[in-house]
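run.txt, holding compact mmCIF, C-alpha atoms (C1' of nucleotides):
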```txt
# COMPACT_ATOMS: atom_id res chain seq x y z
CA MET A 286 -1.08 24.16 18.33
CA THR A 287 -2.89 22.11 20.95
CA LYS A 288 -1.55 18.77 22.18
CA ARG A 289 -4.32 17.03 20.29
CA GLU A 290 -3.31 18.79 17.09
CA GLN A 291 0.32 17.85 17.68
CA ILE A 292 -0.66 14.20 18.04
CA VAL A 293 -2.71 14.30 14.86
CA ALA A 294 0.11 16.03 12.98
CA ALA A 295 2.64 13.44 14.15
CA ALA A 296 0.29 10.56 13.35
CA ASP A 297 -0.40 12.06 9.94
CA GLU A 298 3.30 12.04 9.14
CA LEU A 299 4.01 8.62 10.62
CA PHE A 300 1.01 6.95 8.99
CA TYR A 301 2.29 8.32 5.71
CA GLN A 302 5.89 7.25 6.20
CA GLN A 303 5.42 3.94 8.02
CA GLY A 304 1.85 2.95 7.30
CA PHE A 305 -1.11 2.98 9.66
CA GLU A 306 -0.90 -0.52 11.15
CA HIS A 307 2.86 -0.45 11.51
CA THR A 308 2.76 2.84 13.41
CA SER A 309 2.26 2.20 17.13
CA PHE A 310 1.38 4.52 19.99
CA ALA A 311 5.00 4.20 21.04
CA HIS A 312 6.09 5.74 17.73
CA ILE A 313 3.69 8.64 18.01
CA ALA A 314 4.43 9.10 21.71
CA ASN A 315 8.12 9.31 20.96
CA SER A 316 7.43 11.95 18.34
CA VAL A 317 5.20 14.15 20.51
CA ASN A 318 6.92 13.53 23.85
CA ILE A 319 4.00 12.22 25.82
CA SER A 320 3.44 8.83 27.46
CA ARG A 321 1.49 6.04 25.82
CA GLY A 322 -1.25 6.10 28.43
CA ASN A 323 -1.92 9.76 27.85
CA PHE A 324 -3.25 9.17 24.36
CA TYR A 325 -6.53 8.02 25.76
CA TYR A 326 -7.21 11.38 27.30
CA HIS A 327 -7.25 12.86 23.78
CA PHE A 328 -8.56 9.89 21.74
CA LYS A 329 -10.61 6.88 22.61
CA SER A 330 -8.77 4.49 20.26
CA LYS A 331 -6.16 4.24 17.53
CA ASP A 332 -8.96 4.25 14.96
CA ASP A 333 -10.06 7.53 16.48
CA ILE A 334 -6.64 9.00 15.69
CA LEU A 335 -6.90 7.64 12.16
CA ASN A 336 -10.22 9.38 11.67
CA ALA A 337 -8.71 12.62 12.92
CA VAL A 338 -5.81 12.22 10.50
CA ILE A 339 -8.15 11.61 7.58
CA SER A 340 -10.20 14.61 8.62
CA LEU A 341 -7.04 16.72 8.70
CA ARG A 342 -6.08 15.56 5.23
CA LEU A 343 -9.55 16.28 3.91
CA ASN A 344 -9.48 19.81 5.30
CA ARG A 345 -5.96 20.41 4.04
CA THR A 346 -6.89 19.23 0.55
CA GLN A 347 -10.08 21.28 0.54
CA ALA A 348 -8.09 24.36 1.54
CA MET A 349 -5.57 23.77 -1.24
CA LEU A 350 -8.28 23.45 -3.86
CA GLU A 351 -10.01 26.58 -2.63
CA GLN A 352 -6.73 28.46 -2.70
CA TRP A 353 -6.27 27.51 -6.35
CA GLU A 354 -9.83 28.61 -6.98
CA ASN A 355 -9.21 31.99 -5.35
CA ALA A 356 -5.87 32.55 -7.09
CA GLY A 357 -7.74 33.96 -10.06
CA GLY A 358 -6.53 31.69 -12.85
CA ASP A 359 -8.66 29.71 -15.26
CA PRO A 360 -9.62 26.02 -14.98
CA ILE A 361 -6.77 25.01 -17.28
CA GLU A 362 -4.17 26.60 -15.03
CA ARG A 363 -5.76 24.94 -12.02
CA ILE A 364 -5.53 21.49 -13.58
CA HIS A 365 -1.88 22.19 -14.36
CA CYS A 366 -1.55 23.05 -10.65
CA PHE A 367 -2.98 19.66 -9.81
CA ILE A 368 -0.45 17.92 -12.04
CA ASN A 369 2.35 19.92 -10.48
CA ILE A 370 1.64 18.52 -7.03
CA LEU A 371 3.90 15.69 -8.17
CA ILE A 372 6.74 18.16 -8.58
CA THR A 373 6.03 20.05 -5.38
CA ASN A 374 5.97 16.89 -3.27
CA LYS A 375 8.63 15.12 -5.32
CA SER A 376 11.00 14.17 -2.50
CA LYS A 377 8.35 12.68 -0.26
CA ILE A 378 6.60 10.91 -3.11
CA MET A 379 9.86 9.24 -4.06
CA LYS A 380 10.26 8.04 -0.50
CA PHE A 381 6.71 7.17 0.52
CA GLY A 382 4.48 7.32 -2.55
CA CYS A 383 1.19 9.20 -2.60
CA PRO A 384 -0.38 9.60 0.86
CA VAL A 385 -3.89 9.14 -0.53
CA GLY A 386 -3.20 6.10 -2.67
CA THR A 387 -1.05 4.26 -0.16
CA LEU A 388 -3.46 4.81 2.74
CA THR A 389 -6.53 3.69 0.82
CA SER A 390 -4.60 0.67 -0.42
CA GLU A 391 -3.58 -0.29 3.10
CA LEU A 392 -7.01 0.25 4.66
CA ASN A 393 -8.56 -1.71 1.82
CA LYS A 394 -6.42 -4.73 2.65
CA LEU A 395 -7.09 -4.34 6.35
CA ASP A 396 -10.81 -4.23 5.60
CA HIS A 397 -10.82 -1.20 7.87
CA ALA A 398 -13.95 0.76 8.75
CA ALA A 399 -12.24 4.06 7.88
CA LEU A 400 -11.71 3.04 4.25
CA ASP A 401 -14.65 5.06 3.00
CA ALA A 402 -13.41 8.14 4.82
CA ALA A 403 -9.94 7.70 3.33
CA ASN A 404 -11.41 7.25 -0.12
CA SER A 405 -13.30 10.51 0.25
CA VAL A 406 -10.00 12.35 -0.25
CA PHE A 407 -9.84 10.72 -3.68
CA THR A 408 -13.45 11.71 -4.28
CA LEU A 409 -12.67 15.28 -3.30
CA PHE A 410 -10.00 15.49 -6.00
CA ARG A 411 -12.20 13.66 -8.46
CA THR A 412 -15.19 15.95 -7.97
CA TRP A 413 -13.02 19.03 -8.09
CA LEU A 414 -11.34 17.90 -11.30
CA VAL A 415 -14.72 17.15 -12.88
CA GLY A 416 -15.82 20.67 -11.95
CA GLN A 417 -12.80 22.21 -13.62
CA ILE A 418 -13.02 20.06 -16.74
CA GLU A 419 -16.70 20.79 -17.23
CA GLN A 420 -15.82 24.46 -17.61
CA LEU A 421 -13.58 23.55 -20.56
CA ASP A 422 -16.36 22.05 -22.67
CA LEU A 423 -14.29 19.15 -23.97
CA SER A 424 -15.54 16.35 -26.17
CA GLU A 425 -14.98 13.42 -23.81
CA PRO A 426 -16.91 12.88 -20.56
CA SER A 427 -15.50 15.04 -17.76
CA ASP A 428 -15.47 12.21 -15.24
CA GLU A 429 -13.41 9.98 -17.50
CA LEU A 430 -10.88 12.75 -18.01
CA ALA A 431 -10.77 13.40 -14.28
CA MET A 432 -10.18 9.72 -13.56
CA HIS A 433 -7.50 9.69 -16.23
CA LEU A 434 -5.67 12.52 -14.47
CA LEU A 435 -6.00 10.80 -11.11
CA ALA A 436 -4.82 7.47 -12.50
CA ARG A 437 -1.80 8.99 -14.22
CA SER A 438 -0.83 10.79 -11.01
CA GLN A 439 -1.18 7.65 -8.94
CA GLY A 440 0.88 5.58 -11.34
CA ILE A 441 3.66 8.14 -11.40
CA ALA A 442 3.78 8.23 -7.61
CA THR A 443 3.85 4.44 -7.32
CA LEU A 444 6.71 4.00 -9.78
CA ALA A 445 8.72 6.96 -8.51
CA SER A 446 8.59 5.38 -5.08
CA ALA A 447 9.33 1.83 -6.24
CA PHE A 448 12.33 2.82 -8.37
CA ASN A 449 13.27 5.78 -6.20
CA ASP A 450 13.49 7.61 -9.49
CA GLU A 451 13.16 11.35 -9.96
CA ALA A 452 13.36 11.19 -13.75
CA ILE A 453 10.10 9.32 -14.04
CA ILE A 454 8.29 12.15 -12.27
CA GLN A 455 9.88 14.78 -14.47
CA ASN A 456 9.22 12.90 -17.71
CA GLU A 457 5.69 11.85 -16.89
CA VAL A 458 4.64 15.26 -15.59
CA ILE A 459 5.76 16.83 -18.86
CA GLN A 460 3.78 14.20 -20.75
CA LEU A 461 0.74 14.84 -18.58
CA HIS A 462 0.86 18.61 -19.11
CA HIS A 463 1.19 17.91 -22.80
CA TRP A 464 -1.78 15.53 -22.72
CA LEU A 465 -3.91 18.28 -21.18
CA ASP A 466 -2.89 20.74 -23.89
CA THR A 467 -3.75 18.14 -26.53
CA GLN A 468 -7.23 17.64 -25.10
CA LEU A 469 -7.80 21.39 -25.45
CA GLU A 470 -6.46 21.57 -29.00
CA GLN A 471 -8.85 18.88 -30.16
CA VAL A 472 -11.77 21.16 -29.36
CA ASN A 473 -10.39 24.62 -30.17
CA ARG A 474 -9.94 24.02 -33.87
CA MET B 75 2.04 -29.90 -4.59
CA THR B 76 4.29 -30.25 -1.54
CA LYS B 77 3.30 -28.84 1.83
CA ARG B 78 5.91 -26.16 1.40
CA GLU B 79 4.41 -25.16 -1.93
CA GLN B 80 0.94 -25.12 -0.39
CA ILE B 81 2.15 -22.76 2.31
CA VAL B 82 3.78 -20.45 -0.21
CA ALA B 83 0.65 -20.48 -2.38
CA ALA B 84 -1.57 -19.63 0.60
CA ALA B 85 0.82 -16.90 1.78
CA ASP B 86 0.99 -15.49 -1.74
CA GLU B 87 -2.77 -15.12 -1.82
CA LEU B 88 -3.11 -13.80 1.74
CA PHE B 89 -0.25 -11.31 1.41
CA TYR B 90 -2.01 -10.01 -1.67
CA GLN B 91 -5.45 -9.80 -0.13
CA GLN B 92 -4.58 -8.74 3.43
CA GLY B 93 -1.08 -7.34 3.19
CA PHE B 94 2.15 -8.91 4.43
CA GLU B 95 2.31 -7.52 7.96
CA HIS B 96 -1.39 -7.99 8.63
CA THR B 97 -1.24 -11.66 7.61
CA SER B 98 -0.22 -13.80 10.58
CA PHE B 99 0.88 -17.40 10.84
CA ALA B 100 -2.56 -18.12 12.24
CA HIS B 101 -4.12 -16.91 8.97
CA ILE B 102 -1.86 -19.04 6.81
CA ALA B 103 -2.16 -22.02 9.14
CA ASN B 104 -5.91 -21.83 8.94
CA SER B 105 -5.70 -21.79 5.16
CA VAL B 106 -3.33 -24.76 4.83
CA ASN B 107 -4.61 -26.78 7.81
CA ILE B 108 -1.38 -27.12 9.72
CA SER B 109 -0.42 -25.89 13.18
CA ARG B 110 1.44 -22.64 13.79
CA GLY B 111 4.49 -24.41 15.18
CA ASN B 112 4.88 -26.55 12.09
CA PHE B 113 5.77 -23.57 9.94
CA TYR B 114 9.27 -23.60 11.31
CA TYR B 115 9.95 -27.01 9.88
CA HIS B 116 9.48 -25.54 6.40
CA PHE B 117 10.67 -21.96 6.94
CA LYS B 118 12.97 -20.34 9.43
CA SER B 119 11.00 -17.09 9.74
CA LYS B 120 8.08 -15.10 8.35
CA ASP B 121 10.54 -13.14 6.22
CA ASP B 122 11.64 -16.46 4.78
CA ILE B 123 8.07 -17.12 3.63
CA LEU B 124 7.95 -13.65 2.13
CA ASN B 125 11.09 -14.34 0.12
CA ALA B 126 9.58 -17.59 -1.14
CA VAL B 127 6.41 -15.74 -2.15
CA ILE B 128 8.39 -13.11 -4.04
CA SER B 129 10.40 -15.85 -5.72
CA LEU B 130 7.16 -17.56 -6.75
CA ARG B 131 5.84 -14.32 -8.21
CA LEU B 132 9.08 -13.72 -10.08
CA ASN B 133 8.99 -17.18 -11.63
CA ARG B 134 5.32 -16.89 -12.48
CA THR B 135 5.87 -13.54 -14.15
CA GLN B 136 8.91 -14.79 -16.04
CA ALA B 137 6.92 -17.76 -17.29
CA MET B 138 4.09 -15.50 -18.47
CA LEU B 139 6.48 -13.26 -20.40
CA GLU B 140 8.20 -16.25 -21.99
CA GLN B 141 4.83 -17.67 -22.96
CA TRP B 142 3.99 -14.44 -24.75
CA GLU B 143 7.37 -14.57 -26.42
CA ASN B 144 6.78 -18.12 -27.63
CA ALA B 145 3.24 -17.45 -28.81
CA GLY B 146 4.64 -16.24 -32.10
CA GLY B 147 3.21 -12.72 -32.28
CA ASP B 148 5.13 -9.50 -32.79
CA PRO B 149 6.30 -7.06 -30.08
CA ILE B 150 3.24 -4.86 -30.61
CA GLU B 151 0.87 -7.73 -29.88
CA ARG B 152 2.91 -8.63 -26.79
CA ILE B 153 2.66 -5.12 -25.39
CA HIS B 154 -1.08 -5.25 -25.97
CA CYS B 155 -1.00 -8.50 -23.98
CA PHE B 156 0.71 -6.64 -21.14
CA ILE B 157 -1.99 -3.97 -21.14
CA ASN B 158 -4.68 -6.63 -21.14
CA ILE B 159 -3.48 -8.07 -17.83
CA LEU B 160 -5.70 -5.38 -16.34
CA ILE B 161 -8.72 -6.97 -18.02
CA THR B 162 -7.70 -10.55 -17.26
CA ASN B 163 -7.21 -9.83 -13.56
CA LYS B 164 -9.99 -7.27 -13.37
CA SER B 165 -11.97 -8.74 -10.45
CA LYS B 166 -8.97 -9.14 -8.16
CA ILE B 167 -7.51 -5.79 -9.09
CA MET B 168 -10.77 -4.11 -8.17
CA LYS B 169 -10.67 -5.81 -4.78
CA PHE B 170 -6.98 -5.75 -3.91
CA GLY B 171 -5.14 -3.55 -6.41
CA CYS B 172 -1.99 -4.66 -8.20
CA PRO B 173 -0.02 -7.33 -6.28
CA VAL B 174 3.30 -5.84 -7.35
CA GLY B 175 2.50 -2.21 -6.58
CA THR B 176 0.79 -2.83 -3.27
CA LEU B 177 3.51 -5.14 -1.94
CA THR B 178 6.38 -2.84 -2.87
CA SER B 179 4.47 0.07 -1.35
CA GLU B 180 3.95 -1.81 1.91
CA LEU B 181 7.51 -3.13 2.18
CA ASN B 182 8.81 0.34 1.41
CA LYS B 183 6.94 1.77 4.41
CA LEU B 184 8.05 -1.10 6.61
CA ASP B 185 11.64 -0.45 5.54
CA HIS B 186 11.77 -4.19 4.95
CA ALA B 187 14.88 -6.02 3.76
CA ALA B 188 12.89 -7.81 1.03
CA LEU B 189 11.97 -4.54 -0.68
CA ASP B 190 14.62 -4.93 -3.36
CA ALA B 191 13.46 -8.45 -4.14
CA ALA B 192 9.86 -7.26 -4.41
CA ASN B 193 10.92 -4.41 -6.67
CA SER B 194 12.64 -6.86 -8.97
CA VAL B 195 9.22 -7.97 -10.21
CA PHE B 196 8.72 -4.40 -11.41
CA THR B 197 12.17 -4.48 -12.98
CA LEU B 198 11.33 -7.72 -14.75
CA PHE B 199 8.33 -6.07 -16.42
CA ARG B 200 10.32 -2.93 -17.11
CA THR B 201 13.22 -4.72 -18.77
CA TRP B 202 10.89 -6.92 -20.78
CA LEU B 203 8.88 -3.91 -21.98
CA VAL B 204 12.08 -2.10 -22.95
CA GLY B 205 13.11 -5.15 -24.96
CA GLN B 206 9.82 -5.21 -26.83
CA ILE B 207 9.76 -1.48 -27.47
CA GLU B 208 13.31 -1.45 -28.80
CA GLN B 209 12.20 -3.78 -31.56
CA LEU B 210 9.67 -1.16 -32.66
CA ASP B 211 12.23 1.53 -33.40
CA LEU B 212 10.18 4.39 -31.98
CA SER B 213 11.28 7.99 -31.65
CA GLU B 214 11.17 8.31 -27.86
CA PRO B 215 13.53 6.48 -25.46
CA SER B 216 12.36 2.90 -24.90
CA ASP B 217 12.79 3.09 -21.16
CA GLU B 218 10.59 6.16 -20.87
CA LEU B 219 7.88 4.45 -22.88
CA ALA B 220 8.20 1.32 -20.75
CA MET B 221 7.89 3.36 -17.57
CA HIS B 222 4.90 5.14 -19.05
CA LEU B 223 3.16 1.81 -19.62
CA LEU B 224 4.00 0.65 -16.12
CA ALA B 225 2.82 3.89 -14.57
CA ARG B 226 -0.46 3.90 -16.47
CA SER B 227 -1.13 0.31 -15.39
CA GLN B 228 -0.36 1.05 -11.78
CA GLY B 229 -2.58 4.11 -11.70
CA ILE B 230 -5.48 2.21 -13.22
CA ALA B 231 -5.13 -0.57 -10.63
CA THR B 232 -4.97 1.89 -7.75
CA LEU B 233 -8.08 3.79 -8.78
CA ALA B 234 -10.06 0.71 -9.77
CA SER B 235 -9.43 -0.61 -6.29
CA ALA B 236 -10.13 2.66 -4.48
CA PHE B 237 -13.40 3.33 -6.26
CA ASN B 238 -14.24 -0.35 -6.76
CA ASP B 239 -14.97 0.73 -10.31
CA GLU B 240 -14.88 -1.54 -13.32
CA ALA B 241 -15.55 1.25 -15.81
CA ILE B 242 -12.24 2.94 -15.09
CA ILE B 243 -10.39 -0.22 -16.10
CA GLN B 244 -12.37 -0.59 -19.31
CA ASN B 245 -12.02 3.07 -20.28
CA GLU B 246 -8.37 3.42 -19.42
CA VAL B 247 -7.35 0.15 -21.06
CA ILE B 248 -8.94 1.32 -24.32
CA GLN B 249 -7.08 4.61 -23.98
CA LEU B 250 -3.83 2.79 -23.32
CA HIS B 251 -4.19 0.50 -26.36
CA HIS B 252 -4.95 3.62 -28.36
CA TRP B 253 -1.87 5.37 -26.99
CA LEU B 254 0.29 2.47 -28.14
CA ASP B 255 -1.18 2.64 -31.65
CA THR B 256 -0.52 6.38 -31.72
CA GLN B 257 3.13 5.87 -30.82
CA LEU B 258 3.46 3.54 -33.80
CA GLU B 259 1.67 5.87 -36.21
CA GLN B 260 4.04 8.71 -35.38
CA VAL B 261 6.92 6.68 -36.83
CA ASN B 262 5.28 4.78 -39.66
CA ARG B 263 4.41 7.85 -41.72
C1' DG C 252 -3.57 16.69 31.79
C1' DT C 253 0.02 13.68 32.41
C1' DC C 254 2.11 9.95 34.47
C1' DT C 255 3.11 4.81 35.96
C1' DA C 256 1.51 0.36 36.37
C1' DT C 257 -1.02 -3.12 34.58
C1' DA C 258 -4.57 -5.98 32.04
C1' DT C 259 -5.31 -8.48 27.93
C1' DA C 260 -4.61 -10.32 23.54
C1' DA C 261 -1.93 -11.40 19.62
C1' DT C 262 2.34 -12.14 17.38
C1' DG C 263 6.73 -14.49 15.83
C1' DA C 264 9.45 -17.97 17.40
C1' DT C 265 11.35 -22.19 20.22
C1' DA C 266 11.40 -26.82 22.63
C1' DG C 267 10.36 -31.14 22.80
C1' DA C 268 6.91 -35.15 22.57
C1' DC C 269 5.15 -38.31 19.17
C1' DG D 249 6.66 -34.10 9.65
C1' DT D 250 3.34 -32.65 12.65
C1' DC D 251 1.75 -31.63 16.98
C1' DT D 252 1.12 -29.15 21.78
C1' DA D 253 2.95 -26.23 25.07
C1' DT D 254 5.37 -22.37 26.02
C1' DC D 255 8.43 -18.12 25.77
C1' DA D 256 9.39 -13.38 24.82
C1' DT D 257 7.80 -9.39 22.86
C1' DT D 258 4.75 -6.06 21.38
C1' DA D 259 0.39 -4.00 20.85
C1' DT D 260 -3.95 -1.60 22.24
C1' DA D 261 -6.26 -0.29 26.02
C1' DT D 262 -7.53 0.58 31.14
C1' DA D 263 -7.03 2.06 36.13
C1' DG D 264 -5.72 5.00 39.18
C1' DA D 265 -2.10 8.12 41.46
C1' DC D 266 -0.55 12.84 41.15
```
Have the structure of the file written as structure tokens, please.
Amino acid sequence: MTKREQIVAAADELFYQQGFEHTSFAHIANSVNISRGNFYYHFKSKDDILNAVISLRLNRTQAMLEQWENAGGDPIERIHCFINILITNKSKIMKFGCPVGTLTSELNKLDHAALDAANSVFTLFRTWLVGQIEQLDLSEPSDELAMHLLARSQGIATLASAFNDEAIIQNEVIQLHHWLDTQLEQVNR
Amino acid sequence: MTKREQIVAAADELFYQQGFEHTSFAHIANSVNISRGNFYYHFKSKDDILNAVISLRLNRTQAMLEQWENAGGDPIERIHCFINILITNKSKIMKFGCPVGTLTSELNKLDHAALDAANSVFTLFRTWLVGQIEQLDLSEPSDELAMHLLARSQGIATLASAFNDEAIIQNEVIQLHHWLDTQLEQVNR
DNA sequence: GTCTATATAATGATAGAC
DNA sequence: GTCTATCATTATATAGAC
């Protein structure tokens, strides 16, 4: 892993845990063991690091979706995989919420130029979900169902973090899996 | 309205629109037309203003819930009122998300001492919802249903803000009203 | 590539005049 | 009560030695 990649990885984690604005070069420097001045050899500004972090998250998400695609299951299983992200990342979500939702929320309030880029991670999930749902031939519009899944996930992450509550994730994930099954039953009879 | 109340009102709005950390005394001063130094006659620190803002939001929320209580409807109508906050505050939610969810998320990342106070607004809604649901005598635990309502609302606000999309609010609010009706039907037959 | 030293601007906060 | 002036700190960012 190059020094640049180490910086991006550290920034990715710190932006998630502490927020973008609150995370200073000093924080990142401390995490990667370089001096503050040395950042500007690798990046031209803090915003430049943010863009690299968003790019990393986009690639990571894309890779995850492709992996699900190549795993050989059907669209239904893949959507269940999406829901289960909440279980997989349970500990961190309870501590820091959803990395996508909290970053877009922060950048939105900062009126930051990178907001669109950050939102594109949401769009990636949205488009992917629409693609999966369309293969199921359900009665309701695929985009509405995709947004429903995204909204439910976001709400669960927000409350799990606010109340530091694991039960809400467990309960709501079960409900969400059940909701998906119900959508299928309504068509298959 | 006293000067102190004007400051709190301006801070309340700015913290919502720009975030707590990003909002400086200069921002608030500009909004209330006083000098930066004069803040410290009314408050001893920025955190002190934050506490006053949270207190204002708590009181405002409490008043809203009591108003619903005194309006003379039944618990079902009151829960529908809760859901409809998303419609009432639609424009602001699309721009800035939910004031409760975004503040608790920010303070959580800042590891701020006022996090518990901010979370108490969530708890106020949660406890109130539990109280309403218990009067309905449903099959599932009241707290889980209350958390479900909170989570759905939060998710809708997050996505409406991220995608700047009014349709998602409209669609999801209809779904949420429908979900509530379904919960009632399951018992009343 | 990495460092130290520094420039520059903004912040929260204080002191004291009026 | 409100102001101006100022302090101390922190932040991003730059310059230049090694």
Could you list, as a ChimeraX atom specification, every residue of chain A that has an atom within 8 Å of an atom of chain C, counting only C-alpha atoms (C1' of nucleotides)? /A:319-320,322-323,326
Close residues, segment 210-212 of chain B itself excluded, 10 Å, all atoms listed in the file, min 6 positions apart in chain, as a PyMOL selection string: chain B and resi 148-150+219+257-262
Expressed in Å, the length from atom CA of Glu354 of chain A to atom CA of Thr408 of chain A is 17.5 Å
Define the interface residues of chain B facing chain A as those within 7 Å, counting all atoms listed in the file, and report them as an NGL selection string. :B and (91-93 or 170 or 175 or 178 or 183-184 or 193 or 225-230 or 232-233 or 236)
Selected residues, C-alpha atoms, written as a PDB file, in the coordinates of the input, please.
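As a result, result13.pdb now contains:
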```
ATOM      1  CA  GLN B  91      -5.450  -9.800  -0.130  1.00  0.00           C
ATOM      2  CA  GLN B  92      -4.580  -8.740   3.430  1.00  0.00           C
ATOM      3  CA  GLY B  93      -1.080  -7.340   3.190  1.00  0.00           C
ATOM      4  CA  PHE B 170      -6.980  -5.750  -3.910  1.00  0.00           C
ATOM      5  CA  GLY B 175       2.500  -2.210  -6.580  1.00  0.00           C
ATOM      6  CA  THR B 178       6.380  -2.840  -2.870  1.00  0.00           C
ATOM      7  CA  LYS B 183       6.940   1.770   4.410  1.00  0.00           C
ATOM      8  CA  LEU B 184       8.050  -1.100   6.610  1.00  0.00           C
ATOM      9  CA  ASN B 193      10.920  -4.410  -6.670  1.00  0.00           C
ATOM     10  CA  ALA B 225       2.820   3.890 -14.570  1.00  0.00           C
ATOM     11  CA  ARG B 226      -0.460   3.900 -16.470  1.00  0.00           C
ATOM     12  CA  SER B 227      -1.130   0.310 -15.390  1.00  0.00           C
ATOM     13  CA  GLN B 228      -0.360   1.050 -11.780  1.00  0.00           C
ATOM     14  CA  GLY B 229      -2.580   4.110 -11.700  1.00  0.00           C
ATOM     15  CA  ILE B 230      -5.480   2.210 -13.220  1.00  0.00           C
ATOM     16  CA  THR B 232      -4.970   1.890  -7.750  1.00  0.00           C
ATOM     17  CA  LEU B 233      -8.080   3.790  -8.780  1.00  0.00           C
ATOM     18  CA  ALA B 236     -10.130   2.660  -4.480  1.00  0.00           C
TER      19      ALA B 236
END
```
Self-check item: d(atom CA of Ala337 of chain A, atom CA of Ala296 of chain A) in Å
Solution: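 Computing it gives 9.2 Å between the two atoms.
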- Message: I want to know what sits within 10 Å of Ala83 of chain B, based on all atoms listed in the file, with residues of the same chain fewer than 2 positions away left out; could you give that as a list in words?
- Response: Met75, Lys77, Arg78, Glu79, Gln80, Ile81, Ala85, Asp86, Glu87, Leu88, Phe89, Ile102, Ser105, Val106, Ala126, Val127, Leu130 and Arg131 of chain B
Contacts of chain D with chain A up to 9 Å, shortest pair per row, all atoms listed in the file, as JSON lines:
```
{"residue": "D:DA259", "atom": "C1'", "partner": "A:Ser309", "partner_atom": "CA", "distance": 7.5}
{"residue": "D:DT260", "atom": "C1'", "partner": "A:Lys331", "partner_atom": "CA", "distance": 7.8}
{"residue": "D:DA261", "atom": "C1'", "partner": "A:Ser330", "partner_atom": "CA", "distance": 7.9}
{"residue": "D:DT262", "atom": "C1'", "partner": "A:Gly322", "partner_atom": "CA", "distance": 8.8}
```
In Å and to one decimal, atom CA of Leu465 of chain A is distant from atom CA of Ile248 of chain B by 18.0 Å
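Distance check against Gln136 of chain B using all atoms listed in the file: of B:Phe113, B:Trp202, B:Phe156, B:Trp253, the minimum falls on B:Trp202.
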